[in-house]
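Have a look at work.txt below; it lists compact mmCIF, C-alpha atoms and all ligand atoms.
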# COMPACT_ATOMS: atom_id res chain seq x y z
CA MET A 1 62.15 74.69 100.23
CA SER A 2 62.22 76.56 103.53
CA ASP A 3 63.58 74.84 106.62
CA TYR A 4 60.41 75.17 108.67
CA LYS A 5 59.66 72.34 111.05
CA LYS A 6 57.71 69.43 109.65
CA ILE A 7 54.35 67.82 110.25
CA ILE A 8 53.35 64.57 108.59
CA LEU A 9 49.69 63.65 108.19
CA LYS A 10 48.10 60.27 108.72
CA LYS A 11 47.26 58.32 105.61
CA GLY A 12 44.27 59.78 103.73
CA LYS A 13 44.06 62.84 105.98
CA GLU A 14 45.05 65.19 103.16
CA ASP A 15 41.60 65.05 101.53
CA SER A 16 40.22 68.21 103.10
CA LEU A 17 43.45 70.03 102.21
CA LEU A 18 43.13 68.93 98.60
CA ARG A 19 39.75 70.69 98.76
CA ARG A 20 41.66 73.70 100.13
CA HIS A 21 40.02 73.71 103.53
CA PRO A 22 42.43 75.78 105.67
CA TRP A 23 42.33 73.82 108.95
CA ILE A 24 44.19 70.69 110.05
CA PHE A 25 42.73 69.01 113.11
CA SER A 26 45.08 67.48 115.66
CA GLY A 27 43.65 64.00 115.00
CA ALA A 28 44.92 64.12 111.41
CA ILE A 29 48.57 64.42 112.43
CA TYR A 30 50.81 61.35 112.34
CA SER A 31 54.03 62.95 113.54
CA ALA A 32 55.61 66.31 114.21
CA ASP A 33 59.21 67.51 114.58
CA ASN A 34 60.52 67.73 118.10
CA GLU A 35 60.45 71.00 119.95
CA LEU A 36 57.62 72.55 118.02
CA GLN A 37 56.68 75.83 119.67
CA GLU A 38 53.14 77.20 119.61
CA GLY A 39 52.89 79.76 116.83
CA ASP A 40 55.66 78.16 114.71
CA VAL A 41 55.31 78.09 110.96
CA VAL A 42 55.28 74.45 109.81
CA ASN A 43 55.48 72.66 106.47
CA VAL A 44 52.88 69.92 106.21
CA TYR A 45 53.44 66.70 104.24
CA THR A 46 51.16 63.82 103.26
CA SER A 47 51.90 60.27 104.42
CA LYS A 48 53.60 59.78 101.05
CA GLY A 49 55.98 62.65 101.78
CA ASP A 50 54.48 65.21 99.38
CA PHE A 51 54.33 68.85 100.48
CA ILE A 52 50.73 69.95 100.91
CA ALA A 53 50.57 73.16 102.97
CA VAL A 54 52.38 75.68 105.13
CA GLY A 55 50.71 77.15 108.20
CA HIS A 56 50.75 78.18 111.85
CA TRP A 57 50.84 75.40 114.43
CA GLN A 58 49.34 75.52 117.92
CA ILE A 59 48.03 73.21 120.61
CA GLY A 60 44.32 72.55 120.33
CA SER A 61 41.75 70.88 118.17
CA ILE A 62 42.65 73.05 115.16
CA ALA A 63 46.37 72.26 115.11
CA VAL A 64 47.40 74.03 111.90
CA ARG A 65 45.85 77.04 110.20
CA VAL A 66 46.97 76.99 106.59
CA LEU A 67 48.57 80.14 105.19
CA SER A 68 49.39 78.74 101.78
CA PHE A 69 49.11 75.59 99.72
CA GLU A 70 52.38 76.50 97.97
CA PRO A 71 55.79 76.06 99.62
CA GLU A 72 56.12 79.76 100.49
CA LEU A 73 58.09 81.71 103.06
CA ILE A 74 55.89 83.42 105.63
CA ASN A 75 57.73 86.73 105.78
CA ASP A 76 57.21 90.50 105.28
CA GLU A 77 56.63 90.01 101.59
CA PHE A 78 54.01 87.32 102.19
CA TYR A 79 52.00 89.61 104.49
CA GLU A 80 52.47 92.64 102.22
CA ASN A 81 51.03 90.70 99.29
CA LYS A 82 48.08 89.38 101.25
CA LEU A 83 47.25 92.76 102.82
CA SER A 84 47.62 94.59 99.57
CA SER A 85 45.26 92.16 97.86
CA ALA A 86 42.75 92.56 100.71
CA LEU A 87 42.96 96.35 100.39
CA ASP A 88 42.49 96.21 96.61
CA VAL A 89 39.24 94.32 97.11
CA ARG A 90 37.94 96.91 99.61
CA ARG A 91 38.92 99.78 97.32
CA SER A 92 37.32 98.19 94.31
CA ILE A 93 33.99 97.76 96.12
CA GLY A 94 33.98 101.41 97.21
CA LEU A 95 34.64 101.14 100.93
CA LEU A 96 37.21 103.96 100.95
CA ARG A 97 35.08 106.80 99.63
CA SER A 98 35.19 110.59 99.56
CA ASN A 99 33.10 113.22 97.83
CA VAL A 100 34.93 114.37 94.73
CA SER A 101 33.65 117.97 94.98
CA ASP A 102 34.64 118.84 98.56
CA ASN A 103 36.91 115.91 99.48
CA GLN A 104 34.63 115.04 102.43
CA THR A 105 35.05 111.46 103.63
CA ILE A 106 31.98 109.28 103.07
CA ASN A 107 33.35 106.01 104.34
CA ASN A 108 36.56 105.07 106.13
CA THR A 109 35.25 102.22 108.28
CA PHE A 110 35.66 98.68 106.99
CA ARG A 111 37.07 95.24 107.68
CA LEU A 112 40.37 94.85 105.89
CA VAL A 113 41.12 91.27 106.89
CA HIS A 114 38.46 88.69 107.67
CA GLY A 115 40.51 85.64 108.66
CA GLU A 116 40.01 82.66 106.37
CA GLY A 117 37.91 84.85 104.05
CA ASP A 118 41.09 86.73 103.18
CA ASN A 119 43.34 83.66 103.32
CA LEU A 120 44.81 84.77 106.63
CA PRO A 121 43.28 82.37 109.18
CA GLY A 122 43.47 83.69 112.72
CA LEU A 123 43.74 87.37 111.78
CA ILE A 124 41.15 90.16 111.92
CA ILE A 125 41.91 93.77 110.99
CA ASP A 126 39.31 96.53 111.08
CA ILE A 127 40.09 100.02 109.80
CA TYR A 128 38.60 103.03 111.59
CA ALA A 129 39.72 106.22 109.82
CA ASP A 130 43.51 106.25 110.25
CA THR A 131 43.71 103.49 112.88
CA ALA A 132 43.81 99.76 112.28
CA VAL A 133 42.55 97.53 115.07
CA MET A 134 44.18 94.14 114.81
CA GLN A 135 43.03 90.99 116.54
CA ALA A 136 44.81 87.63 116.61
CA HIS A 137 42.81 84.45 117.07
CA SER A 138 45.82 82.16 116.69
CA VAL A 139 49.18 82.02 118.43
CA GLY A 140 50.93 82.21 115.05
CA MET A 141 49.30 85.54 114.19
CA HIS A 142 50.19 86.77 117.66
CA CYS A 143 53.85 85.89 117.07
CA ASP A 144 53.77 87.64 113.67
CA ARG A 145 51.92 90.74 114.92
CA GLN A 146 54.76 93.22 114.50
CA MET A 147 55.65 91.94 111.04
CA ILE A 148 51.97 92.28 110.06
CA ALA A 149 51.71 95.81 111.49
CA ASN A 150 54.81 96.89 109.56
CA ALA A 151 53.54 95.29 106.37
CA LEU A 152 50.21 97.09 106.83
CA LYS A 153 51.95 100.44 107.20
CA LYS A 154 53.90 99.76 104.03
CA VAL A 155 50.72 98.85 102.13
CA MET A 156 48.53 101.72 103.42
CA GLY A 157 51.19 104.47 103.63
CA ASP A 158 49.95 107.83 104.93
CA GLU A 159 46.36 106.57 105.14
CA LEU A 160 47.41 104.69 108.27
CA LYS A 161 48.69 106.37 111.43
CA ALA A 162 48.40 103.64 114.03
CA VAL A 163 47.90 99.95 114.67
CA TYR A 164 46.16 99.01 117.91
CA TYR A 165 46.57 95.38 118.93
CA LYS A 166 43.55 93.98 120.78
CA SER A 167 43.95 90.28 121.47
CA GLU A 168 43.68 90.13 125.22
CA THR A 169 40.53 88.02 125.08
CA THR A 170 40.86 86.23 121.75
CA LEU A 171 43.95 84.06 122.26
CA PRO A 172 44.05 80.69 123.98
CA TYR A 173 44.38 81.37 127.65
CA LYS A 174 46.56 78.29 128.13
CA ALA A 175 49.21 79.52 125.71
CA ASP A 176 50.06 82.10 128.39
CA LEU A 177 51.31 84.71 125.95
CA GLY A 178 51.08 87.60 128.37
CA GLN A 179 49.57 89.74 125.62
CA GLU A 180 48.03 93.07 126.36
CA ASN A 181 45.97 95.53 124.39
CA ALA A 182 48.20 98.35 123.15
CA PHE A 183 49.33 100.39 120.16
CA ILE A 184 52.06 98.44 118.41
CA LEU A 185 52.67 101.00 115.68
CA GLY A 186 52.19 104.78 115.92
CA HIS A 187 49.45 106.29 118.02
CA SER A 188 46.18 108.02 117.27
CA ASN A 189 43.70 109.96 119.35
CA ASN A 190 41.23 110.27 116.53
CA ASP A 191 38.49 107.89 117.62
CA ILE A 192 35.87 109.06 115.11
CA ALA A 193 35.26 106.90 112.08
CA ILE A 194 32.83 107.55 109.26
CA GLU A 195 30.43 104.99 107.85
CA ASN A 196 28.29 106.01 104.89
CA GLY A 197 28.53 109.66 105.92
CA LEU A 198 27.60 109.05 109.58
CA SER A 199 30.15 109.50 112.38
CA PHE A 200 30.83 107.07 115.18
CA HIS A 201 33.10 107.17 118.23
CA ILE A 202 34.99 103.89 118.19
CA ASP A 203 36.06 102.65 121.58
CA TRP A 204 38.83 100.28 120.54
CA LEU A 205 40.39 100.57 123.98
CA LYS A 206 37.47 99.08 125.90
CA GLY A 207 34.70 98.29 123.43
CA GLN A 208 33.51 94.83 122.39
CA LYS A 209 35.28 93.07 119.51
CA THR A 210 37.40 95.68 117.72
CA GLY A 211 35.11 98.47 118.97
CA PHE A 212 32.29 98.48 116.42
CA PHE A 213 30.13 95.99 114.53
CA VAL A 214 31.30 96.73 111.02
CA ASP A 215 29.40 93.71 109.73
CA GLN A 216 25.97 95.36 109.93
CA ARG A 217 26.79 98.25 107.57
CA ASP A 218 24.69 97.08 104.61
CA ASN A 219 21.82 96.00 106.85
CA ARG A 220 21.81 99.41 108.51
CA THR A 221 21.55 100.99 105.05
CA LEU A 222 18.49 98.86 104.30
CA LEU A 223 16.95 99.79 107.65
CA GLU A 224 17.40 103.48 106.86
CA GLN A 225 15.23 103.02 103.78
CA TYR A 226 12.37 101.62 105.88
CA SER A 227 12.56 104.18 108.68
CA LYS A 228 10.53 107.12 107.42
CA GLY A 229 7.70 107.96 109.79
CA ARG A 230 8.18 104.79 111.83
CA LYS A 231 8.54 104.25 115.55
CA VAL A 232 11.78 102.33 115.90
CA LEU A 233 12.99 100.02 118.66
CA ASN A 234 16.67 99.09 118.38
CA MET A 235 17.11 96.22 120.80
CA PHE A 236 20.71 95.18 121.70
CA CYS A 237 21.81 98.55 120.30
CA TYR A 238 25.47 98.56 121.49
CA THR A 239 27.02 101.66 119.80
CA GLY A 240 23.68 102.48 118.18
CA GLY A 241 24.56 101.94 114.53
CA PHE A 242 21.01 101.01 113.55
CA SER A 243 19.59 103.89 115.62
CA VAL A 244 21.68 106.55 113.91
CA TYR A 245 20.77 105.28 110.44
CA SER A 246 17.06 105.19 111.25
CA MET A 247 17.22 108.79 112.51
CA ARG A 248 18.71 109.81 109.17
CA GLY A 249 15.99 107.81 107.44
CA GLY A 250 13.35 110.04 109.02
CA ALA A 251 12.01 107.89 111.87
CA GLU A 252 9.35 109.49 114.04
CA LEU A 253 11.06 108.22 117.17
CA VAL A 254 13.96 105.88 117.94
CA HIS A 255 14.43 104.01 121.20
CA SER A 256 17.74 102.20 121.79
CA VAL A 257 17.95 99.47 124.42
CA ASP A 258 20.95 97.55 125.78
CA SER A 259 21.54 95.91 129.14
CA SER A 260 24.96 97.54 129.34
CA ALA A 261 25.06 101.08 130.70
CA LYS A 262 28.31 101.62 128.78
CA ALA A 263 26.56 100.80 125.51
CA VAL A 264 23.80 103.26 126.34
CA ASP A 265 26.46 105.96 126.91
CA LEU A 266 28.02 105.12 123.57
CA VAL A 267 24.76 105.32 121.65
CA SER A 268 23.97 108.66 123.28
CA LYS A 269 27.41 109.98 122.36
CA ASN A 270 27.03 108.83 118.76
CA MET A 271 23.58 110.36 118.53
CA GLU A 272 24.95 113.71 119.79
CA LEU A 273 27.66 113.51 117.14
CA ASN A 274 25.18 113.12 114.29
CA PHE A 275 21.90 114.61 115.54
CA PRO A 276 22.74 116.98 118.39
CA GLY A 277 19.76 117.87 120.56
CA ASP A 278 17.34 115.79 118.50
CA THR A 279 14.61 114.68 120.92
CA ARG A 280 13.34 111.84 118.71
CA HIS A 281 15.95 109.56 120.31
CA GLN A 282 16.04 108.00 123.77
CA ALA A 283 18.23 105.22 125.16
CA PHE A 284 17.53 102.80 128.00
CA ALA A 285 19.81 100.45 129.95
CA VAL A 286 17.43 97.52 130.50
CA ASP A 287 17.42 93.77 129.92
CA ALA A 288 15.85 92.92 126.55
CA PHE A 289 13.34 90.37 127.83
CA LYS A 290 12.21 92.69 130.62
CA TYR A 291 11.80 95.60 128.22
CA LEU A 292 9.80 93.52 125.73
CA ASP A 293 7.56 92.24 128.54
CA GLU A 294 6.85 95.68 129.87
CA MET A 295 6.64 97.81 126.74
CA GLY A 296 3.40 98.82 125.08
CA GLU A 297 2.52 98.08 121.45
CA ASN A 298 4.25 101.13 120.16
CA TYR A 299 6.98 100.15 117.77
CA ASP A 300 6.34 99.39 114.11
CA LEU A 301 9.99 98.88 113.17
CA VAL A 302 11.98 96.61 115.47
CA ILE A 303 15.61 95.48 115.30
CA LEU A 304 16.71 92.42 117.27
CA ASP A 305 20.48 91.94 117.01
CA PRO A 306 21.42 89.91 120.09
CA PRO A 307 24.88 88.57 120.99
CA ALA A 308 25.63 85.04 119.75
CA PHE A 309 23.28 82.74 121.69
CA ALA A 310 25.27 79.64 120.63
CA LYS A 311 29.02 80.04 121.01
CA HIS A 312 29.45 76.28 120.42
CA ARG A 313 27.57 73.56 118.62
CA ASP A 314 26.62 71.96 121.99
CA ALA A 315 24.53 74.97 122.87
CA LEU A 316 22.59 74.87 119.61
CA LYS A 317 19.20 73.63 120.84
CA GLN A 318 19.07 76.05 123.68
CA ALA A 319 20.15 78.90 121.41
CA LEU A 320 17.38 78.17 118.92
CA ARG A 321 14.85 78.23 121.74
CA GLY A 322 16.31 81.57 122.82
CA TYR A 323 15.88 83.08 119.34
CA THR A 324 12.31 81.81 119.19
CA LYS A 325 11.39 83.20 122.59
CA LEU A 326 12.95 86.59 121.91
CA ASN A 327 11.32 86.99 118.52
CA ALA A 328 7.93 85.76 119.72
CA LYS A 329 7.97 88.32 122.51
CA ALA A 330 8.66 91.12 120.02
CA MET A 331 6.12 89.92 117.45
CA GLU A 332 3.36 89.70 120.08
CA LYS A 333 3.66 93.43 120.67
CA MET A 334 4.10 94.69 117.12
CA PRO A 335 1.10 96.42 115.50
CA SER A 336 -0.19 95.09 112.19
CA GLY A 337 1.95 96.39 109.32
CA SER A 338 5.18 96.37 111.33
CA ILE A 339 8.59 95.38 110.08
CA LEU A 340 11.08 93.29 112.03
CA PHE A 341 14.81 93.12 111.34
CA THR A 342 16.05 90.05 113.17
CA PHE A 343 19.57 88.62 113.29
CA SER A 344 21.74 85.80 114.52
CA CYS A 345 25.53 86.07 114.55
CA SER A 346 26.04 82.56 115.98
CA GLN A 347 28.22 80.63 113.60
CA ALA A 348 26.80 77.36 114.96
CA VAL A 349 23.28 78.32 113.83
CA ASN A 350 22.77 77.99 110.08
CA LYS A 351 20.37 79.92 107.84
CA ASP A 352 17.71 77.22 107.81
CA GLN A 353 17.79 76.70 111.56
CA PHE A 354 17.47 80.43 112.14
CA ARG A 355 14.56 80.64 109.73
CA THR A 356 12.85 77.76 111.53
CA ALA A 357 13.32 79.55 114.85
CA ILE A 358 11.60 82.65 113.41
CA PHE A 359 8.83 80.47 111.96
CA SER A 360 8.27 78.99 115.44
CA ALA A 361 8.23 82.48 116.92
CA ALA A 362 5.47 83.57 114.55
CA MET A 363 3.47 80.44 115.44
CA GLN A 364 3.92 81.08 119.16
CA ALA A 365 2.94 84.72 118.82
CA GLY A 366 -0.01 83.84 116.58
CA ARG A 367 1.19 86.25 113.87
CA LYS A 368 1.27 85.94 110.09
CA ILE A 369 4.64 86.99 108.73
CA ARG A 370 6.25 87.27 105.31
CA ILE A 371 9.96 87.34 104.55
CA LEU A 372 10.88 90.55 102.73
CA HIS A 373 14.68 90.15 102.73
CA GLN A 374 17.27 87.59 103.70
CA LEU A 375 20.35 89.33 105.01
CA HIS A 376 23.95 88.30 105.55
CA GLN A 377 27.42 89.60 106.20
CA PRO A 378 28.78 92.29 103.87
CA ALA A 379 31.42 92.07 101.16
CA ASP A 380 34.29 93.07 103.46
CA HIS A 381 33.56 89.89 105.47
CA PRO A 382 34.09 87.54 102.53
CA ILE A 383 33.49 83.81 102.79
CA ASN A 384 36.29 81.56 101.63
CA ILE A 385 34.42 79.11 99.41
CA TYR A 386 36.53 76.26 100.78
CA HIS A 387 35.67 77.26 104.35
CA PRO A 388 31.88 77.47 104.68
CA GLU A 389 32.27 77.88 108.47
CA GLY A 390 33.11 81.53 107.69
CA GLU A 391 29.44 82.29 107.05
CA TYR A 392 28.09 83.50 110.38
CA LEU A 393 25.76 86.50 110.13
CA LYS A 394 22.17 85.82 109.11
CA GLY A 395 19.20 88.09 109.18
CA LEU A 396 15.59 88.22 108.08
CA VAL A 397 13.41 91.22 107.44
CA VAL A 398 9.83 90.19 107.98
CA PHE A 399 6.53 91.94 107.51
CA VAL A 400 4.20 91.32 110.40
CA GLU A 401 0.51 91.34 109.39
N1 LIG A 501 23.35 95.78 117.14
C1 LIG A 501 24.66 96.15 117.58
C2 LIG A 501 25.50 94.98 118.04
C3 LIG A 501 24.88 94.17 119.15
S1 LIG A 501 26.02 93.31 120.11
C4 LIG A 501 25.38 96.94 116.50
O1 LIG A 501 24.89 97.03 115.36
O2 LIG A 501 26.44 97.49 116.77
C5 LIG A 501 25.01 92.69 121.38
C6 LIG A 501 24.64 93.68 122.46
O3 LIG A 501 23.66 93.04 123.26
C7 LIG A 501 25.76 94.08 123.42
O4 LIG A 501 25.92 95.47 123.39
C8 LIG A 501 25.29 93.60 124.79
O5 LIG A 501 25.58 94.53 125.84
C9 LIG A 501 23.80 93.49 124.60
N2 LIG A 501 23.10 92.51 125.47
C10 LIG A 501 23.51 91.28 125.84
N3 LIG A 501 22.57 90.66 126.57
C11 LIG A 501 21.52 91.53 126.66
C12 LIG A 501 20.23 91.47 127.28
N4 LIG A 501 19.83 90.39 127.95
N5 LIG A 501 19.43 92.54 127.16
C13 LIG A 501 19.82 93.63 126.47
N6 LIG A 501 21.01 93.74 125.87
C14 LIG A 501 21.86 92.71 125.96
When written as structure tokens, how does the structure in this file appear?
Ligand code: SAH
Amino acid sequence: MSDYKKIILKKGKEDSLLRRHPWIFSGAIYSADNELQEGDVVNVYTSKGDFIAVGHWQIGSIAVRVLSFEPELINDEFYENKLSSALDVRRSIGLLRSNVSDNQTINNTFRLVHGEGDNLPGLIIDIYADTAVMQAHSVGMHCDRQMIANALKKVMGDELKAVYYKSETTLPYKADLGQENAFILGHSNNDIAIENGLSFHIDWLKGQKTGFFVDQRDNRTLLEQYSKGRKVLNMFCYTGGFSVYSMRGGAELVHSVDSSAKAVDLVSKNMELNFPGDTRHQAFAVDAFKYLDEMGENYDLVILDPPAFAKHRDALKQALRGYTKLNAKAMEKMPSGSILFTFSCSQAVNKDQFRTAIFSAAMQAGRKIRILHQLHQPADHPINIYHPEGEYLKGLVVFVE
């Protein structure tokens, strides 16, 4: 057994761990070794003294994030095994794809590590061509960042040129880690990644999250299939993923809207990359509610993909009202026969609550709607079955009569 510091649980507090839930809340802890440092690897024992888990400790309501339920060492080999298993899954589901005939890349954009979903709580890694963008959400992953970057290089070999670390805003402020966003392995100037044959500039230096919303890939593919001949409004467009797919799908016109001028620049850049000079597309930097209030009844394919309205459970009621209001405003203006793609990425809002919010929107707008598809996060954002909290992205495609 390793000589990691020890944590002992209160009596009966091992139940969730026996169900393999990967979090230990601070209230479950009976005692801890002296001089524990945030980010330390700890061995966790039941009140009877049996080993039950090894994980990263930090101050906060989630005190330990479990890395293994076996008494393992958390070293280079541990990370190599986990990363290599994550990569095998992505390869086997076809996320690293090229054309056999001309060796043209079809897809090199995907999430390699989705925290608990890949048994690495606190860690996110997105791959954009030959750069990995790594984000730590726990102090432990922050402390292990260099070991993880080296393990990743070993696992990916020449396919990987650089690891960019982007945790400035994702780590507990109080831990005072002095982290900054920077390359921690190699360097790459290639900021163009390919998703299903479409090219995107990825702004990992300044963009939101790791620079791109990889999680909407499958939903963008579905949108493409519905785009032919339609007038498309992509609300909350950010880098314009949905817009670019609908252009390829043969939309008559595509309007992208985001309140951020930077996002509007990004969508224009991405459009130029894929459809240079194509006048079907226009982008506007305007607030969503204002745009919906002022627009005419022109769009028969609308995407609403707002930022998370509920960041915490406390904000749930207000968030649900927000989704209802937003969707009602859009539905009021959509001509009969329109299609709406509507999403919520708030983890605190579950599928049923979101569906109820959309139901209320249809009532408010006085529209009859039918659900055509129920959408969710893609396969490279897997849900650990023991950690249902990992399910966050929900969407509905509805037909508006
Ligand atoms: N659909 C995007 C991701 C959307 S992220 C994609 O597939 O990549 C949410 C976006 O909403 C951000 O770009 C943010 O700038 C924008 N946003 C936030 N509040 C807004 C508002 N009130 N009106 C318009 N856009 C807003």
For ligand LIG 501 (chain A), collect every residue having any atom at a distance of at most 6 Å from a ligand atom (counting all atoms listed in the file); output as a PDB file with C-alpha atoms, keeping the file's coordinate frame.
ATOM      1  CA  PHE A 212      32.290  98.480 116.420  1.00  0.00           C
ATOM      2  CA  PHE A 213      30.130  95.990 114.530  1.00  0.00           C
ATOM      3  CA  GLN A 216      25.970  95.360 109.930  1.00  0.00           C
ATOM      4  CA  PHE A 236      20.710  95.180 121.700  1.00  0.00           C
ATOM      5  CA  CYS A 237      21.810  98.550 120.300  1.00  0.00           C
ATOM      6  CA  TYR A 238      25.470  98.560 121.490  1.00  0.00           C
ATOM      7  CA  THR A 239      27.020 101.660 119.800  1.00  0.00           C
ATOM      8  CA  GLY A 240      23.680 102.480 118.180  1.00  0.00           C
ATOM      9  CA  GLY A 241      24.560 101.940 114.530  1.00  0.00           C
ATOM     10  CA  PHE A 242      21.010 101.010 113.550  1.00  0.00           C
ATOM     11  CA  ASP A 258      20.950  97.550 125.780  1.00  0.00           C
ATOM     12  CA  SER A 259      21.540  95.910 129.140  1.00  0.00           C
ATOM     13  CA  SER A 260      24.960  97.540 129.340  1.00  0.00           C
ATOM     14  CA  ALA A 263      26.560 100.800 125.510  1.00  0.00           C
ATOM     15  CA  ASP A 287      17.420  93.770 129.920  1.00  0.00           C
ATOM     16  CA  ALA A 288      15.850  92.920 126.550  1.00  0.00           C
ATOM     17  CA  ASP A 305      20.480  91.940 117.010  1.00  0.00           C
ATOM     18  CA  PRO A 306      21.420  89.910 120.090  1.00  0.00           C
ATOM     19  CA  PRO A 307      24.880  88.570 120.990  1.00  0.00           C
TER      20      PRO A 307
END
For the interface of region 353-397 of chain A with region 95-104 of chain A (cut-off 12 Å, counting only C-alpha atoms), please tabulate each contacting residue of region 353-397 of chain A alongside its nearest pair of atoms and their separation in Å to one decimal, rows sorted by chain and increasing number, as a Markdown table.
| residue | atom | partner | partner_atom | distance |
| --- | --- | --- | --- | --- |
| A:Pro378 | CA | A:Leu95 | CA | 11.0 |
| A:Ala379 | CA | A:Leu95 | CA | 9.6 |
| A:Asp380 | CA | A:Leu95 | CA | 8.5 |
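With distances taken over all atoms listed in the file, A:Leu223 is the one residue among A:Met235, A:Leu223, A:Ala283, A:Val54 lying closest to Gly250 (chain A).
Of the residues under consideration (A:Leu160, A:Met134, A:Ala362, A:Ala28), A:Leu160 shows the shortest atom-to-atom contact distance to Gly186 (chain A) when counting all atoms listed in the file.
Using all atoms listed in the file, the shortest contact distance between Glu38 (chain A) and any of A:Gly197, A:Gly140, A:Pro71, A:Gly12 is found at A:Gly140.
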Could you name the residues that touch region 166-169 of chain A at 9 Å or less, counting only C-alpha atoms, but leaving out those on the same chain fewer than 5 positions away, as a ChimeraX atom specification?
/A:133-137,142,178-183,204-205,209-210
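Residues surrounding Asn190 (chain A) within 9 Å are Ala129, Asp130, Thr131 and His201 of chain A [only C-alpha atoms; sequence separation below 5 positions excluded].
Between CA of Asp191 (chain A) and CA of Gln282 (chain A) lies a distance of 23.3 Å.
The shortest atom-to-atom distance to Met141 (chain A), with only C-alpha atoms taken into account, belongs to A:Gly55 out of A:Gly322, A:Gly277, A:Pro22, A:Gly55.
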Can you tell me, as a PDB file with C-alpha atoms, keeping the file's coordinate frame, what residues are no more than 9 Å from Gln318 (chain A) when counting only C-alpha atoms, ignoring any on the same chain fewer than 5 positions away?
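Output below, filename around_22.pdb:
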ATOM      1  CA  PHE A 309      23.280  82.740 121.690  1.00  0.00           C
ATOM      2  CA  ALA A 310      25.270  79.640 120.630  1.00  0.00           C
ATOM      3  CA  TYR A 323      15.880  83.080 119.340  1.00  0.00           C
TER       4      TYR A 323
END
Using only C-alpha atoms, find the one residue out of A:Ile124, A:Ala132, A:Met247, A:Leu304 that sits nearest to Pro276 (chain A).
A:Met247
Around (53.4, 86.8, 110.7) in the file's frame, which residues reach within 12 Å when counting only C-alpha atoms? Return as an NGL selection string?
:A and (39-41 or 55-56 or 67 or 73-80 or 82-83 or 120-123 or 136 or 138-152)
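For the pair CA of Asp300 (chain A) and CA of Ile194 (chain A), the interatomic distance is 28.1 Å.
The spacing separating CA of Leu87 (chain A) from CA of Phe69 (chain A) amounts to 21.7 Å.
The smallest atom-to-atom distance between Lys394 (chain A) and any of A:Arg248, A:Val264, A:Asp215, A:Val254, using all atoms listed in the file, is found for A:Asp215.
Within 10 Å of the point (18.7, 79.1, 114.0), counting only C-alpha atoms, the protein and nucleic acid residues come to A:Phe309, A:Ala310, A:Leu316, A:Lys317, A:Ala319, A:Leu320, A:Arg321, A:Gly322, A:Tyr323, A:Thr324, A:Phe343, A:Ser344, A:Cys345, A:Ser346, A:Gln347, A:Ala348, A:Val349, A:Asn350, A:Lys351, A:Asp352, A:Gln353, A:Phe354, A:Arg355, A:Thr356, A:Ala357, A:Ile358, A:Lys394.
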